[in-house]
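This report refers to the structure that appears directly beneath it.
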Amino acid sequence: MTLAAAGLAASDLAGAWRLESWSFAYDDGRPSEYPLGPQARGLLLYLPSGELSATLMSTTPPPASLAYAGRWSVADGAVHHAIEIASDPALAGITTRRELQLDGDRLTLTGADFRPGTGRRQVIVWRRQS
């Protein structure tokens, strides 16, 4: 069953999610890119109390990772991540907005790149952990 973002509650997202893929989709039709490679690994934790932790890493050289933590909420048909601490200090203090689609145990988050003006959006696919 696919749930529309507007009908989702925070309780629908609370829990642990494993990364399936993280890609950049370009507005001009260029092929998608995988910033940490097509086999990246990651874990996203949404706590019912409103805290979140996201950690993503490459599985092939050169080693690379992205991690951040903060608070999350569902509003206006999207999930918002208010980043408090991050492995990239430039992300601390920003709030991301990700449109979401929940289809069974698969969660797809899409939204603008962290850095404006790139002409790309992020597409992040997660699978719920049991």
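The chains in the structure tokens are called A, B, ... from first to last as shown; in each chain the residues are counted from 1, and the ligands are counted from 1 in the order shown.
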
Using only C-alpha atoms, find each residue in range 28-113 of chain A having at least one atom no more than 7 Å away from range 120-125 of chain A; report its shortest atom-to-atom pair and that distance in Å (one decimal), rows by chain then rising number, as JSON lines.
{"residue": "A:Leu107", "atom": "CA", "partner": "A:Val125", "partner_atom": "CA", "distance": 5.8}
{"residue": "A:Thr108", "atom": "CA", "partner": "A:Val125", "partner_atom": "CA", "distance": 4.5}
{"residue": "A:Leu109", "atom": "CA", "partner": "A:Ile124", "partner_atom": "CA", "distance": 5.1}
{"residue": "A:Thr110", "atom": "CA", "partner": "A:Val123", "partner_atom": "CA", "distance": 4.6}
{"residue": "A:Gly111", "atom": "CA", "partner": "A:Arg121", "partner_atom": "CA", "distance": 5.4}
{"residue": "A:Ala112", "atom": "CA", "partner": "A:Arg121", "partner_atom": "CA", "distance": 4.5}
{"residue": "A:Asp113", "atom": "CA", "partner": "A:Arg121", "partner_atom": "CA", "distance": 5.0}

Mind writing the picked residues with N, CA and C atoms as a compact mmCIF listing (two decimals), in the first residue's frame?
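What ended up in result.txt:
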# COMPACT_ATOMS: atom_id res chain seq x y z
N LEU A 107 10.61 3.47 2.14
CA LEU A 107 10.43 4.91 2.30
C LEU A 107 11.32 5.62 1.30
N THR A 108 10.73 6.47 0.46
CA THR A 108 11.50 7.26 -0.49
C THR A 108 11.38 8.72 -0.11
N LEU A 109 12.54 9.35 0.09
CA LEU A 109 12.61 10.78 0.42
C LEU A 109 13.23 11.51 -0.77
N THR A 110 12.60 12.58 -1.23
CA THR A 110 13.14 13.37 -2.33
C THR A 110 13.08 14.84 -1.95
N GLY A 111 14.10 15.57 -2.39
CA GLY A 111 14.11 17.00 -2.11
C GLY A 111 15.35 17.66 -2.65
N ALA A 112 15.40 18.95 -2.46
CA ALA A 112 16.50 19.76 -2.96
C ALA A 112 17.84 19.30 -2.39
N ASP A 113 18.88 19.55 -3.13
CA ASP A 113 20.24 19.26 -2.67
C ASP A 113 20.53 20.13 -1.46

What's around Ala10 in chain A at 12 Å? Count only C-alpha atoms, leave out sequence neighbours fewer than 5 positions away in its own chain, and write the answer as a list in words.
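Near neighbours after the sequence-gap exclusion: Ala5, Gly15, Tyr46, Leu47, Pro48, Ser49, Gly50, Glu51, Trp72, Ser73, Val74, Ala75, Gly77, Ala78, Val79, His80, Leu100 and Leu102 of chain A.
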
Give the strand (DSSP E or B) residues of chain A, as assigned by DSSP on the backbone, as an MDAnalysis selection string.
chainID A and resid 2:3 15:26 33 41:46 51:57 65:75 78:86 95:103 106:112 120:128

Between CA of Asp105 in chain A and CA of Arg128 in chain A, measure the distance and give it in Å to one decimal.
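Between CA of Asp105 in chain A and CA of Arg128 in chain A the gap works out to 5.1 Å.
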
Pick out the residues sitting within 7 Å of range 27-40 of chain A, and hand them over as a list in words; count only C-alpha atoms, and ignore anything fewer than 2 positions along from it in its own chain.
Ser21, Trp22, Ser23, Phe24, Ala25, Gly42, Leu56, Met57, Ser58, Thr59, Ala64, Gly119 and Arg120 of chain A

Could you save those same residues with N, CA and C atoms as a PDB file, in the first residue's frame?
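Printed below is out.pdb as written:
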ATOM      1  N   SER A  21      19.400   3.124  -1.451  1.00  0.00           N
ATOM      2  CA  SER A  21      20.166   3.920  -2.417  1.00  0.00           C
ATOM      3  C   SER A  21      20.064   5.406  -2.090  1.00  0.00           C
ATOM      4  N   TRP A  22      21.106   6.140  -2.482  1.00  0.00           N
ATOM      5  CA  TRP A  22      21.126   7.594  -2.371  1.00  0.00           C
ATOM      6  C   TRP A  22      21.690   8.106  -3.684  1.00  0.00           C
ATOM      7  N   SER A  23      20.885   8.880  -4.394  1.00  0.00           N
ATOM      8  CA  SER A  23      21.330   9.392  -5.685  1.00  0.00           C
ATOM      9  C   SER A  23      20.964  10.858  -5.845  1.00  0.00           C
ATOM     10  N   PHE A  24      21.649  11.488  -6.799  1.00  0.00           N
ATOM     11  CA  PHE A  24      21.323  12.836  -7.240  1.00  0.00           C
ATOM     12  C   PHE A  24      20.637  12.703  -8.592  1.00  0.00           C
ATOM     13  N   ALA A  25      19.440  13.239  -8.718  1.00  0.00           N
ATOM     14  CA  ALA A  25      18.717  13.275  -9.990  1.00  0.00           C
ATOM     15  C   ALA A  25      18.801  14.709 -10.506  1.00  0.00           C
ATOM     16  N   GLY A  42      23.804   2.617   4.875  1.00  0.00           N
ATOM     17  CA  GLY A  42      23.386   3.673   5.788  1.00  0.00           C
ATOM     18  C   GLY A  42      22.299   3.226   6.734  1.00  0.00           C
ATOM     19  N   LEU A  56      25.567   7.598   6.580  1.00  0.00           N
ATOM     20  CA  LEU A  56      25.723   6.956   5.282  1.00  0.00           C
ATOM     21  C   LEU A  56      27.214   6.826   4.993  1.00  0.00           C
ATOM     22  N   MET A  57      27.599   5.734   4.323  1.00  0.00           N
ATOM     23  CA  MET A  57      29.014   5.524   4.016  1.00  0.00           C
ATOM     24  C   MET A  57      29.185   4.806   2.687  1.00  0.00           C
ATOM     25  N   SER A  58      30.326   5.059   2.063  1.00  0.00           N
ATOM     26  CA  SER A  58      30.665   4.323   0.844  1.00  0.00           C
ATOM     27  C   SER A  58      31.193   2.955   1.232  1.00  0.00           C
ATOM     28  N   THR A  59      31.083   2.011   0.317  1.00  0.00           N
ATOM     29  CA  THR A  59      31.633   0.675   0.563  1.00  0.00           C
ATOM     30  C   THR A  59      32.819   0.396  -0.345  1.00  0.00           C
ATOM     31  N   ALA A  64      34.309   7.463   2.183  1.00  0.00           N
ATOM     32  CA  ALA A  64      33.569   8.709   2.361  1.00  0.00           C
ATOM     33  C   ALA A  64      32.346   8.405   3.208  1.00  0.00           C
ATOM     34  N   GLY A 119      21.075  22.349  -9.463  1.00  0.00           N
ATOM     35  CA  GLY A 119      20.242  21.768 -10.514  1.00  0.00           C
ATOM     36  C   GLY A 119      19.968  20.295 -10.310  1.00  0.00           C
ATOM     37  N   ARG A 120      20.045  19.860  -9.073  1.00  0.00           N
ATOM     38  CA  ARG A 120      19.806  18.449  -8.790  1.00  0.00           C
ATOM     39  C   ARG A 120      18.999  18.317  -7.502  1.00  0.00           C
TER      40      ARG A 120
END

Between CA of Gln101 in chain A and CA of Pro116 in chain A - distance in Å to one decimal
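Separation between CA of Pro116 in chain A and CA of Gln101 in chain A: 23.0 Å.
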
Need to verify the contact set: Ile85 in chain A, 9 Å, only C-alpha atoms, exclusion of same-chain residues closer than 2 positions in sequence. Can you return it as an mmCIF file with C-alpha atoms, in the first residue's frame?
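To be explicit, this is the file written out as selection07.cif:
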data_model
loop_
_atom_site.group_PDB
_atom_site.id
_atom_site.type_symbol
_atom_site.label_atom_id
_atom_site.label_comp_id
_atom_site.auth_asym_id
_atom_site.auth_seq_id
_atom_site.Cartn_x
_atom_site.Cartn_y
_atom_site.Cartn_z
ATOM 1 C CA ALA A 67 26.449 11.698 9.228
ATOM 2 C CA TYR A 68 24.135 14.062 10.997
ATOM 3 C CA ALA A 69 21.724 14.214 13.912
ATOM 4 C CA GLY A 70 19.022 16.549 15.094
ATOM 5 C CA ILE A 83 20.240 19.310 11.586
ATOM 6 C CA SER A 87 30.167 15.451 9.849
ATOM 7 C CA ASP A 88 30.012 18.331 7.343
ATOM 8 C CA PRO A 89 29.934 21.461 9.541
ATOM 9 C CA LEU A 91 25.039 21.330 7.349
ATOM 10 C CA ALA A 92 24.705 22.192 11.050
ATOM 11 C CA GLY A 93 21.844 24.623 11.543
#

Nearest-residue call for Leu66 in chain A, choices A:Arg106, A:Arg115, A:Arg18, A:Arg41, using only C-alpha atoms:
A:Arg41

Name the residues of chain A that come out as helix (DSSP H, G or I) in a backbone DSSP run; write them as a list in words.
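These are the residues in question: Ala5, Ala6, Gly7, Ala10, Ser11, Asp12, Leu13, Pro89, Ala90 and Leu91 of chain A.
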
Do you have the CA of Trp17 in chain A-CA of Trp126 in chain A distance handy?
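We find that CA of Trp17 in chain A and CA of Trp126 in chain A lie 5.6 Å from each other.
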
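The list of residues with at least one atom within 6 Å of His81 in chain A, based on only C-alpha atoms and without residues fewer than 6 positions apart in the same chain, reads Arg71, Trp72, Thr95 and Thr96 of chain A.
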
Out of A:Ala14, A:Ala90, A:Ala82, A:Ala54, which residue has the shortest atom-to-atom distance to Gln129 in chain A when counting only C-alpha atoms?
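With only C-alpha atoms as the atom set, the closest residue is A:Ala14.
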